[in-house]
Every structure is written in structure tokens, then in C-alpha cells.
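input.txt, holding compact mmCIF, C-alpha atoms:
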```txt
# COMPACT_ATOMS: atom_id res chain seq x y z
CA MET R 1 15.92 -23.10 2.08
CA VAL R 2 13.25 -24.12 4.56
CA LYS R 3 9.79 -25.12 3.41
CA ALA R 4 6.46 -24.55 5.17
CA GLY R 5 4.04 -26.72 3.21
CA ASN R 6 4.39 -25.46 -0.34
CA TYR R 7 5.95 -22.17 0.67
CA ASP R 8 9.63 -21.30 0.49
CA VAL R 9 11.13 -19.65 3.56
CA PRO R 10 14.81 -18.81 2.97
CA GLU R 11 17.10 -18.85 6.00
CA GLY R 12 19.04 -15.75 6.97
CA LEU R 13 16.08 -13.40 6.45
CA TYR R 14 13.81 -11.78 9.04
CA TYR R 15 10.04 -12.03 8.71
CA GLY R 16 7.12 -9.84 9.77
CA ARG R 17 3.63 -11.00 10.72
CA GLU R 18 2.23 -9.29 7.63
CA HIS R 19 4.32 -11.63 5.46
CA GLU R 20 7.13 -9.28 4.54
CA TRP R 21 10.79 -10.30 4.57
CA VAL R 22 13.86 -8.27 5.53
CA LYS R 23 17.37 -8.92 4.27
CA LEU R 24 20.08 -6.97 6.09
CA GLU R 25 22.71 -5.45 3.78
CA GLY R 26 25.21 -3.56 5.91
CA LYS R 27 23.33 -0.64 7.41
CA LEU R 28 20.45 -1.04 4.97
CA ALA R 29 17.52 -3.45 4.79
CA ARG R 30 16.03 -4.86 1.61
CA VAL R 31 12.30 -5.64 1.87
CA GLY R 32 9.82 -7.71 -0.09
CA VAL R 33 6.80 -9.98 0.37
CA THR R 34 7.10 -13.68 1.13
CA ASP R 35 6.26 -16.68 -1.02
CA TYR R 36 3.19 -17.25 1.18
CA ALA R 37 2.02 -13.67 0.54
CA GLN R 38 2.45 -13.83 -3.24
CA SER R 39 0.66 -17.16 -3.36
CA LYS R 40 -2.33 -15.83 -1.43
CA LEU R 41 -2.44 -12.61 -3.45
CA GLY R 42 -2.57 -14.41 -6.78
CA ASP R 43 -1.29 -12.89 -10.03
CA VAL R 44 0.03 -9.41 -9.33
CA VAL R 45 -0.88 -6.96 -12.11
CA TYR R 46 0.30 -3.64 -10.62
CA VAL R 47 2.69 -2.48 -7.92
CA GLU R 48 2.40 0.96 -6.36
CA LEU R 49 5.89 1.61 -5.01
CA PRO R 50 6.46 3.83 -1.97
CA GLU R 51 8.07 7.20 -2.60
CA VAL R 52 11.80 7.40 -2.06
CA GLY R 53 12.37 9.44 1.09
CA LYS R 54 9.08 8.36 2.70
CA GLN R 55 9.37 7.79 6.44
CA VAL R 56 7.66 4.58 7.46
CA LYS R 57 6.91 2.90 10.77
CA GLN R 58 7.19 -0.75 11.66
CA ALA R 59 3.76 -2.35 11.26
CA THR R 60 1.86 -3.01 14.48
CA ALA R 61 -1.87 -3.13 15.16
CA PRO R 62 -3.87 -1.05 14.45
CA LYS R 63 -2.24 -0.25 11.13
CA THR R 64 -1.94 3.23 9.75
CA LYS R 65 -0.85 4.86 6.53
CA GLU R 66 2.63 5.49 7.97
CA MET R 67 3.17 1.74 8.05
CA GLU R 68 2.45 1.25 4.35
CA LEU R 69 5.07 0.57 1.71
CA GLY R 70 2.74 1.13 -1.22
CA ALA R 71 0.29 -1.49 -2.44
CA VAL R 72 -0.12 -4.29 -4.94
CA GLU R 73 -3.09 -5.14 -7.15
CA SER R 74 -3.84 -8.78 -7.85
CA ILE R 75 -7.03 -10.26 -9.28
CA LYS R 76 -9.17 -7.12 -8.76
CA ALA R 77 -7.93 -6.63 -5.20
CA VAL R 78 -5.68 -3.83 -3.95
CA SER R 79 -3.69 -4.87 -0.88
CA ALA R 80 -1.49 -2.62 1.22
CA VAL R 81 2.13 -3.72 1.76
CA TYR R 82 3.25 -3.12 5.34
CA SER R 83 6.71 -2.15 6.48
CA PRO R 84 8.53 -4.66 8.67
CA LEU R 85 10.83 -1.89 9.99
CA SER R 86 10.76 1.82 10.74
CA GLY R 87 12.96 4.05 8.66
CA ALA R 88 13.32 5.90 5.38
CA VAL R 89 12.77 4.48 1.90
CA LYS R 90 16.15 4.73 0.11
CA GLU R 91 15.47 2.92 -3.13
CA THR R 92 12.57 1.17 -4.86
CA ASN R 93 12.49 -1.65 -7.41
CA ALA R 94 11.64 0.13 -10.66
CA ALA R 95 11.57 -3.20 -12.52
CA LEU R 96 8.21 -3.92 -10.84
CA GLN R 97 6.56 -1.14 -12.82
CA GLU R 98 7.12 -2.99 -16.09
CA ARG R 99 7.06 -6.49 -14.64
CA PRO R 100 4.77 -6.68 -11.57
CA GLU R 101 4.70 -10.47 -11.99
CA LEU R 102 8.23 -10.61 -10.51
CA ILE R 103 6.46 -10.53 -7.12
CA ASN R 104 5.00 -13.94 -8.02
CA THR R 105 7.91 -15.49 -9.89
CA SER R 106 10.77 -14.29 -7.68
CA PRO R 107 9.44 -12.98 -4.35
CA TYR R 108 12.79 -13.17 -2.55
CA ASN R 109 15.05 -11.92 -5.34
CA GLU R 110 13.97 -9.95 -8.41
CA GLY R 111 10.61 -9.16 -6.79
CA TRP R 112 12.07 -7.09 -3.91
CA ILE R 113 10.06 -3.93 -3.22
CA CYS R 114 12.38 -1.42 -1.63
CA VAL R 115 15.51 -0.76 0.42
CA LEU R 116 15.05 0.94 3.79
CA GLU R 117 17.46 2.85 5.96
CA PRO R 118 16.29 1.54 9.33
CA GLY R 119 15.81 3.99 12.17
CA ALA R 120 15.72 1.61 15.15
CA LEU R 121 17.04 -1.64 13.74
CA GLU R 122 18.31 -3.31 16.86
CA ALA R 123 15.16 -2.77 18.89
CA GLU R 124 12.83 -3.64 16.04
CA LEU R 125 14.52 -6.86 14.92
CA LYS R 126 13.22 -8.35 18.15
CA ASN R 127 9.69 -7.96 16.77
CA LEU R 128 10.51 -9.98 13.65
CA MET R 129 10.81 -13.74 13.20
CA ASP R 130 13.67 -15.84 11.88
CA ALA R 131 12.98 -18.51 9.23
CA LYS R 132 12.25 -21.20 11.80
CA ALA R 133 9.79 -19.06 13.72
CA TYR R 134 8.09 -17.91 10.50
CA VAL R 135 7.64 -21.54 9.41
CA GLU R 136 5.89 -22.21 12.74
CA PHE R 137 3.80 -19.05 12.24
CA LEU R 138 2.72 -20.25 8.77
CA LYS R 139 1.86 -23.71 10.06
CA LYS R 140 -0.63 -22.15 12.45
CA LEU R 141 -2.30 -20.25 9.61
CA GLU R 142 -2.84 -23.21 7.30
CA MET I 1 -26.68 -3.87 7.80
CA LEU I 2 -27.39 -0.32 6.67
CA PRO I 3 -30.50 1.12 4.96
CA LEU I 4 -30.67 1.29 1.16
CA ARG I 5 -29.11 4.60 0.15
CA VAL I 6 -29.14 6.43 -3.17
CA ASP I 7 -26.15 8.77 -3.40
CA ASP I 8 -23.77 10.34 -5.85
CA ALA I 9 -20.64 8.31 -6.54
CA PHE I 10 -18.36 10.54 -4.46
CA THR I 11 -20.49 10.15 -1.35
CA SER I 12 -20.82 6.39 -1.83
CA MET I 13 -17.08 5.85 -2.29
CA ALA I 14 -16.37 8.02 0.75
CA ILE I 15 -18.85 6.04 2.87
CA ASP I 16 -17.18 2.76 1.86
CA GLU I 17 -13.73 4.08 2.74
CA ALA I 18 -14.97 5.50 6.05
CA LEU I 19 -16.51 2.15 6.98
CA LEU I 20 -13.24 0.38 6.10
CA LYS I 21 -11.09 2.77 8.10
CA LEU I 22 -13.32 2.80 11.18
CA ASN I 23 -13.73 -0.98 11.06
CA ALA I 24 -9.94 -1.30 11.07
CA GLU I 25 -9.77 1.02 14.08
CA GLY I 26 -12.35 -1.07 15.90
CA LYS I 27 -14.89 1.76 15.84
CA SER I 28 -17.32 0.27 13.29
CA PRO I 29 -18.69 -3.27 13.27
CA ASN I 30 -18.48 -5.56 10.25
CA THR I 31 -21.03 -4.02 7.90
CA ILE I 32 -23.03 -4.87 4.81
CA ARG I 33 -24.95 -2.32 2.81
CA PHE I 34 -26.86 -2.11 -0.47
CA TRP I 35 -27.02 1.12 -2.40
CA ARG I 36 -27.63 2.81 -5.77
CA TRP I 37 -25.85 5.39 -7.89
CA LEU I 38 -27.41 8.82 -8.65
CA PRO I 39 -26.65 9.81 -11.35
CA SER I 40 -25.40 6.76 -13.23
CA THR I 41 -21.62 6.57 -12.95
CA VAL I 42 -18.57 4.99 -14.52
CA SER I 43 -16.11 3.83 -11.86
CA ILE I 44 -12.52 2.94 -12.67
CA GLY I 45 -10.08 0.73 -10.77
CA CYS I 46 -7.62 2.19 -8.27
CA PHE I 47 -4.66 2.26 -10.65
CA GLN I 48 -6.38 2.76 -14.01
CA SER I 49 -5.99 5.72 -16.34
CA VAL I 50 -9.26 7.64 -16.69
CA GLU I 51 -8.34 8.92 -20.16
CA ARG I 52 -7.66 5.43 -21.40
CA GLU I 53 -10.78 3.80 -19.98
CA VAL I 54 -13.61 6.33 -20.20
CA ASP I 55 -15.02 8.47 -22.99
CA LEU I 56 -15.37 11.65 -20.94
CA GLU I 57 -17.23 13.51 -23.71
CA VAL I 58 -19.94 10.84 -23.80
CA ALA I 59 -20.08 10.83 -20.00
CA LYS I 60 -20.65 14.58 -20.01
CA ARG I 61 -23.34 14.30 -22.69
CA TYR I 62 -25.26 11.67 -20.72
CA GLY I 63 -24.72 13.43 -17.39
CA VAL I 64 -22.84 10.42 -16.07
CA ASP I 65 -20.32 10.92 -13.24
CA VAL I 66 -16.87 9.35 -13.27
CA VAL I 67 -15.10 8.19 -10.11
CA ARG I 68 -11.91 6.34 -9.12
CA ARG I 69 -12.40 3.46 -6.67
CA ILE I 70 -9.97 2.38 -3.93
CA THR I 71 -10.55 -1.21 -5.04
CA GLY I 72 -8.87 -3.02 -7.93
CA GLY I 73 -10.25 -4.21 -11.23
CA GLY I 74 -11.51 -2.47 -14.35
CA ALA I 75 -13.91 0.24 -15.48
CA VAL I 76 -17.58 -0.42 -14.70
CA PHE I 77 -20.76 1.37 -15.76
CA HIS I 78 -23.26 1.65 -12.91
CA ASP I 79 -26.80 2.33 -14.15
CA HIS I 80 -29.01 4.26 -11.71
CA ASP I 81 -32.05 2.28 -12.82
CA GLY I 82 -30.37 -1.04 -13.49
CA GLU I 83 -27.95 -1.89 -10.72
CA LEU I 84 -28.04 -2.54 -7.01
CA THR I 85 -24.56 -2.34 -5.50
CA TYR I 86 -23.37 -4.05 -2.35
CA SER I 87 -20.47 -3.34 0.01
CA VAL I 88 -19.11 -5.63 2.68
CA VAL I 89 -16.58 -4.41 5.25
CA CYS I 90 -15.00 -6.79 7.73
CA LYS I 91 -11.80 -7.56 9.60
CA GLN I 92 -9.15 -9.16 7.44
CA GLY I 93 -8.99 -12.04 9.90
CA ASP I 94 -12.65 -12.83 9.16
CA VAL I 95 -11.89 -13.86 5.57
CA PRO I 96 -9.26 -16.23 4.14
CA ASP I 97 -5.82 -14.73 3.35
CA ASP I 98 -6.22 -16.20 -0.13
CA VAL I 99 -7.86 -13.50 -2.25
CA ILE I 100 -9.84 -15.91 -4.45
CA GLU I 101 -11.10 -17.82 -1.40
CA SER I 102 -12.22 -14.57 0.20
CA TYR I 103 -14.21 -13.66 -2.94
CA ARG I 104 -15.72 -17.15 -2.86
CA LEU I 105 -16.79 -16.67 0.74
CA ILE I 106 -18.38 -13.24 0.40
CA CYS I 107 -19.92 -13.96 -3.02
CA GLY I 108 -21.57 -16.99 -1.36
CA GLY I 109 -24.02 -14.54 0.22
CA LEU I 110 -24.91 -13.18 -3.22
CA VAL I 111 -25.32 -16.71 -4.63
CA HIS I 112 -27.83 -17.55 -1.88
CA GLY I 113 -29.51 -14.19 -2.49
CA PHE I 114 -29.95 -14.79 -6.22
CA GLU I 115 -31.33 -18.24 -5.41
CA ARG I 116 -33.78 -16.63 -3.01
CA LEU I 117 -34.95 -14.42 -5.88
CA GLY I 118 -35.61 -17.57 -7.89
CA LEU I 119 -32.46 -17.58 -10.03
CA GLN I 120 -29.85 -20.26 -10.51
CA ALA I 121 -26.47 -18.87 -9.38
CA GLU I 122 -22.89 -19.98 -8.76
CA PHE I 123 -19.53 -18.42 -7.88
CA LYS I 124 -16.99 -18.34 -10.68
CA PRO I 125 -13.39 -17.59 -9.71
CA VAL I 126 -11.85 -15.06 -9.63
CA ASN I 127 -14.63 -12.71 -8.62
CA ASP I 128 -17.86 -13.25 -10.54
CA VAL I 129 -21.28 -14.68 -9.82
CA LEU I 130 -22.91 -16.41 -12.79
CA SER I 131 -26.52 -17.22 -13.50
CA ASN I 132 -27.06 -19.80 -16.23
CA ARG I 133 -23.31 -19.58 -16.92
CA LYS I 134 -23.46 -15.84 -17.60
CA LYS I 135 -22.07 -13.09 -15.39
CA ILE I 136 -24.70 -11.38 -13.21
CA SER I 137 -22.39 -9.84 -10.58
CA GLY I 138 -18.76 -8.70 -10.42
CA SER I 139 -16.75 -7.65 -7.37
CA ALA I 140 -13.53 -5.90 -6.34
CA GLN I 141 -11.60 -5.60 -3.08
CA THR I 142 -9.15 -3.59 -1.10
CA ARG I 143 -7.26 -4.76 1.98
CA ARG I 144 -6.03 -1.89 4.11
CA TRP I 145 -5.32 -1.12 7.74
CA GLY I 146 -6.24 -4.67 8.77
CA SER I 147 -9.72 -4.71 7.24
CA VAL I 148 -11.26 -5.69 3.92
CA LEU I 149 -13.69 -3.80 1.69
CA GLN I 150 -15.40 -5.80 -1.02
CA HIS I 151 -18.01 -4.14 -3.19
CA GLY I 152 -19.65 -5.15 -6.41
CA THR I 153 -22.54 -5.08 -8.80
CA ILE I 154 -25.89 -6.85 -8.85
CA LEU I 155 -27.04 -6.45 -12.46
CA ILE I 156 -30.80 -5.96 -12.47
CA ASP I 157 -31.44 -4.24 -15.79
CA PRO I 158 -28.47 -2.13 -16.94
CA ASN I 159 -28.35 -0.29 -20.26
CA ILE I 160 -25.64 -2.33 -21.99
CA ARG I 161 -25.45 -0.15 -25.09
CA GLN I 162 -24.85 2.96 -23.00
CA MET I 163 -22.22 1.05 -21.05
CA PHE I 164 -20.13 0.43 -24.14
CA GLU I 165 -20.56 3.98 -25.41
CA LEU I 166 -19.08 5.22 -22.13
CA LEU I 167 -16.24 2.75 -21.89
CA LYS I 168 -13.63 3.13 -24.58
CA VAL I 169 -14.96 0.71 -27.14
CA SER I 170 -14.92 2.02 -30.71
CA PRO I 171 -18.40 3.18 -31.91
CA GLU I 172 -18.25 0.97 -35.01
CA LYS I 173 -17.93 -2.00 -32.73
CA ILE I 174 -21.13 -1.22 -30.83
CA SER I 175 -23.44 -2.94 -33.34
CA ASP I 176 -26.57 -4.94 -32.54
CA LYS I 177 -24.48 -8.02 -33.18
CA PHE I 178 -21.90 -6.87 -30.64
CA ILE I 179 -24.58 -6.20 -28.01
CA ALA I 180 -26.01 -9.67 -28.71
CA SER I 181 -22.56 -11.18 -28.18
CA VAL I 182 -22.27 -9.37 -24.83
CA PHE I 183 -25.56 -10.96 -23.78
CA GLU I 184 -24.02 -14.35 -24.40
CA ARG I 185 -21.57 -13.60 -21.56
CA VAL I 186 -23.56 -11.26 -19.32
CA THR I 187 -27.07 -11.56 -17.98
CA THR I 188 -29.39 -9.61 -15.70
CA VAL I 189 -31.98 -10.32 -13.05
CA VAL I 190 -34.71 -9.08 -15.41
CA ARG I 191 -33.61 -11.43 -18.14
CA GLU I 192 -33.40 -14.46 -15.88
CA LEU I 193 -36.56 -13.71 -13.92
CA GLY I 194 -38.77 -12.33 -16.70
CA ARG I 195 -39.82 -9.33 -14.59
CA LYS I 196 -38.18 -6.38 -12.84
CA PRO I 197 -38.20 -6.78 -9.06
CA SER I 198 -38.01 -3.63 -6.93
CA PHE I 199 -34.66 -2.67 -5.44
CA ASP I 200 -36.13 -3.40 -2.01
CA GLU I 201 -37.10 -6.90 -3.09
CA VAL I 202 -33.57 -7.62 -4.35
CA ARG I 203 -32.07 -6.19 -1.17
CA ALA I 204 -34.36 -8.32 0.99
CA ALA I 205 -33.38 -11.44 -0.96
CA MET I 206 -29.69 -10.63 -0.61
CA ARG I 207 -30.15 -9.99 3.08
CA THR I 208 -31.61 -13.47 3.47
CA GLY I 209 -28.75 -14.82 1.34
CA PHE I 210 -26.09 -13.33 3.60
CA GLU I 211 -27.96 -14.47 6.71
CA ARG I 212 -27.92 -18.00 5.32
CA LEU I 213 -24.19 -17.72 4.57
CA LEU I 214 -23.39 -16.44 8.05
CA GLY I 215 -25.90 -18.57 9.90
CA ALA I 216 -26.89 -15.43 11.77
CA LYS I 217 -29.41 -12.59 11.65
CA LEU I 218 -28.16 -9.26 10.31
CA VAL I 219 -28.86 -6.32 12.60
CA GLU I 220 -30.34 -3.23 10.95
CA GLY I 221 -28.37 -0.09 11.76
CA GLU I 222 -27.73 3.44 10.57
CA LEU I 223 -24.48 5.17 9.64
CA THR I 224 -23.00 6.42 12.90
CA SER I 225 -22.20 10.11 13.22
CA GLU I 226 -18.51 9.18 13.23
CA GLU I 227 -18.87 7.27 9.95
CA PHE I 228 -20.87 10.10 8.44
CA GLU I 229 -18.33 12.73 9.48
CA LEU I 230 -15.34 10.77 8.18
CA ALA I 231 -17.17 10.14 4.89
CA ALA I 232 -17.79 13.89 4.53
CA LYS I 233 -14.08 14.50 5.07
CA LEU I 234 -13.08 11.87 2.50
CA LYS I 235 -15.58 12.95 -0.16
CA PRO I 236 -13.44 15.69 -1.81
CA LYS I 237 -10.79 13.10 -2.67
CA TYR I 238 -13.29 11.30 -4.93
CA ALA I 239 -14.71 14.46 -6.55
CA PRO I 240 -13.78 15.21 -10.21
CA ASN I 241 -10.98 17.57 -9.20
CA GLY I 242 -9.65 15.06 -6.64
CA TRP I 243 -7.62 11.97 -7.37
CA LEU I 244 -9.64 10.95 -10.49
CA LYS I 245 -7.07 12.34 -12.90
CA LYS I 246 -3.94 11.31 -11.01
CA ARG I 247 -3.32 8.66 -13.70
```
Could you show the structure in this file as C-alpha cells?
Amino acid sequence: MVKAGNYDVPEGLYYGREHEWVKLEGKLARVGVTDYAQSKLGDVVYVELPEVGKQVKQATAPKTKEMELGAVESIKAVSAVYSPLSGAVKETNAALQERPELINTSPYNEGWICVLEPGALEAELKNLMDAKAYVEFLKKLE
Amino acid sequence: MLPLRVDDAFTSMAIDEALLKLNAEGKSPNTIRFWRWLPSTVSIGCFQSVEREVDLEVAKRYGVDVVRRITGGGAVFHDHDGELTYSVVCKQGDVPDDVIESYRLICGGLVHGFERLGLQAEFKPVNDVLSNRKKISGSAQTRRWGSVLQHGTILIDPNIRQMFELLKVSPEKISDKFIASVFERVTTVVRELGRKPSFDEVRAAMRTGFERLLGAKLVEGELTSEEFELAAKLKPKYAPNGWLKKR
């Protein structure tokens, strides 16, 4: 585990600029939000999961609806969750409907948001950061 | 900064979303506007259940509209005669990533505005402004497409009894004693100031407050035709047969 200030940044994951993480599992990719993201969001009270089967695009600027993997509500604020990869949503974390706080308590494990079937994995991984690069990215934000 | 508008809830919500979307696309500048609700309306948070939060029979009887916001938070009664509402739209990079800190920043303009009106005011995390330790303004946010929309209430003289009749609070509970207990937590501009300022006066004070916060003059503008057209397109979503009853 690498640390950036107070934030955990596990090694072996890929990171997007919108503070989402990607964990490769064979041909699939598990996705969630990072410790930094959950900390800045504050207590999550509701998670709107993406629909299974939804086609999403890797987030770039400017962002569009096709890049959204649902949304989370924390402290009276609804924030979109952006997809770090293009592909199809295969599975979503139903546990978040009963226990949205898992995003805060376990962002890298029980608080995962969905599993994607990536459409252009090899090309798109180049747009993501490894743990070391994400730590540097976070340092610039603080 | 846009002119003071008085619109139905569906138009107002559509304007806010249009400003957010076009700001994200780089087509609209960062914007602040003050506006009123006609008729009075109950708004509910993005993910709330309308059946659970609002007494729709009472709303119908009073001629009060009901609308679902794209922002978070709870159900709020917006009194046509008693509330001025504000909306701020800006790039996400212009506010802190930390949600509480971003409320603190934007609510700072309201705090200066209340002070300009002659009230004592302070920000109270998460998202309230207090005057004499009682809530006088509440806010909610959404962060989408790379921009932020924050809107919220400026309580001038709302009808508190009507508010609790509309929100699902049991009728037996709405006693004089209950209303008195609400006034221990909530206050209004009229109560703190001892007179009712005009909506224009409150808007002008808030304008000065935001100018002080930003250290810059706000430029008066109008809705652009692009903003107006997108708002017209978005309006049906907010109408009673739109997404209101989705939960």
C-alpha cells in the first residue's frame, strides 16, 4: 500500500484523473472510487448504480452522459461517477443499495461499484495512471 | 449575474440544469442568479421518494407544485412570498474537491450578503448559513459533466406552518408548540431584521456579498438564446408527469 498524505493508494491498480480505480480481473475490470474521492465526498448516503448492459465511454473532457457510471449522494450533493474505461457494464455492487457507506469504509474492496467488460483495454490503459503516478497526481492537488 | 426571475418550478429547474450543462461545455460563463417560485413549490432531493416526503393531497389543495431536483438533500417548501432562491454554476475546478469546503466557499457570498442586509451570519457545515445560531439558508449541490450547480434558499418570511402541512409531518404534531420549537432552530430575514425588505433589496445585498467574496464585480447578463432553448427542452423532464414519480 502506498500513501499520498492521508490517502491510501494500493499498488497493482490503475487510476483515472476523476479518482476512479480499475482492477483487472482476467478479461474484466472492476471499478470503484479512490480513498481520496470518498474522503472529499464525505458520508455517502445513496448510490445510483449504472444499469447492467449500459455502454460507457472512458472519461475525457468535456464529459458526457455516456461517461457516467451512475452517481453518489453525499452531504446534500449528487456527484457523477465517471468511467475510467470504455465498455459494457457486466455487474454492479448491489450491496451499495443497502449500505452506501461501504464507499467510505472500504473504497477499494467492499465499496466497488461495478465490473466492466472493456472494449479497448490495451489502448485505454495508457490513459490511466499506476499507483506511483496517481500519488504524484494527488500531491499536486493538495 | 442574471436578472431576478419569477418562474414555475419546472422552468427554474430546467434553467439551472441548462446553465450547468452549457457551463460544462464551455458555452456559458460561471453564473449566479436569484429567483422566486410561482406558485409556491415543494422540491425533493434527487433520489427521494415523492410519496414518502410530500403530502400530495395538501399540495393540491393549496395549489402548490411539486418538483424533483437534480441536487441532493431533502424535501424543501419554497414560499412564493417568503423565499429568494439563489443558484451558482461554475467549473468544478473553481471550487475545492472537498464538498464541505465548496459549500463553505460559495455560502461565504451569502454570509457577506446577510451582513450587508444588517444581519449577523456564519457558515455552519455541512451546508447551512446561520443567523444568531439559527438556520436562515440551506443549500444543495450536483457535480456533473465537469461543472458544479449549487442552489439554495434565502429565508425571508416563509409560512412555516404550511411547510409542515406539506411535508409529511403528522397533523397532530403541527401544534403551536411545535412551530415555536421550529423557530428555535430556524429564523428568517424578517425576524432578524424586524421588517420585510423587498426581493430586489435582498438580491442587491447578496450581489454585493458575492462581489466581496470574489473580489470582483459581477457582470449583469441575460439568459442566452442557447440557454433558453436548452431549458425549454429540459422542462418536460421536471413536469409532474416527468421524472417526479420515478421513486
Please, which residues in chain I fall within 10 Å of chain R when counting only C-alpha atoms, and what is the closest atom pair and distance in Å to one decimal for each, ordered by chain then residue number, as CSV?
```
residue,atom,partner,partner_atom,distance
I:Lys21,CA,R:Thr64,CA,9.3
I:Ala24,CA,R:Pro62,CA,7.0
I:Glu25,CA,R:Pro62,CA,6.3
I:Gly26,CA,R:Pro62,CA,8.6
I:Gly45,CA,R:Lys76,CA,8.2
I:Cys46,CA,R:Val78,CA,7.7
I:Phe47,CA,R:Tyr46,CA,7.7
I:Gln48,CA,R:Tyr46,CA,9.9
I:Ile70,CA,R:Val78,CA,7.5
I:Thr71,CA,R:Val78,CA,5.6
I:Gly72,CA,R:Lys76,CA,4.2
I:Gly73,CA,R:Lys76,CA,4.0
I:Gly74,CA,R:Lys76,CA,7.6
I:Pro96,CA,R:Lys40,CA,8.9
I:Asp97,CA,R:Lys40,CA,6.0
I:Asp98,CA,R:Lys40,CA,4.1
I:Val99,CA,R:Leu41,CA,5.6
I:Ile100,CA,R:Gly42,CA,7.8
I:Glu101,CA,R:Lys40,CA,9.0
I:Tyr103,CA,R:Ala77,CA,9.7
I:Pro125,CA,R:Ile75,CA,9.7
I:Val126,CA,R:Ile75,CA,6.8
I:Asn127,CA,R:Lys76,CA,7.8
I:Gly138,CA,R:Lys76,CA,9.9
I:Ser139,CA,R:Lys76,CA,7.7
I:Ala140,CA,R:Lys76,CA,5.1
I:Gln141,CA,R:Ala77,CA,4.4
I:Thr142,CA,R:Val78,CA,4.5
I:Arg143,CA,R:Ser79,CA,4.6
I:Arg144,CA,R:Ala80,CA,5.4
I:Trp145,CA,R:Lys63,CA,4.7
I:Gly146,CA,R:Lys63,CA,6.4
I:Ser147,CA,R:Lys63,CA,9.5
I:Val148,CA,R:Ser79,CA,9.0
I:Leu149,CA,R:Ala77,CA,9.4
I:Gln150,CA,R:Ala77,CA,8.6
```
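Closest approach to Glu11 (chain R) from the set R:Tyr108, R:Glu122, R:Lys139, R:Arg30 is made by R:Tyr108, with distances taken over only C-alpha atoms.
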- CA of Lys196 (chain I) to CA of Phe183 (chain I), straight-line distance in Å: 17.3 Å
- Please identify all polymer residues within 8 Å of Val22 (chain R), counting only C-alpha atoms, omitting same-chain residues fewer than 3 positions from it, and present them as a ChimeraX atom specification. /R:13-15,29-32,84
- Message: Please compute the CA of Asp65 (chain I)-CA of Leu19 (chain I) distance, one decimal, in Å.
- Response: 22.4 Å
- Message: Using only C-alpha atoms for the distances, tell me which of I:Lys124, I:Lys91, I:Lys245, I:His151 is nearest to Asn30 (chain I).
- Response: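 Ranking I:Lys124, I:Lys91, I:Lys245, I:His151 by distance to Asn30 (chain I), first place goes to I:Lys91.
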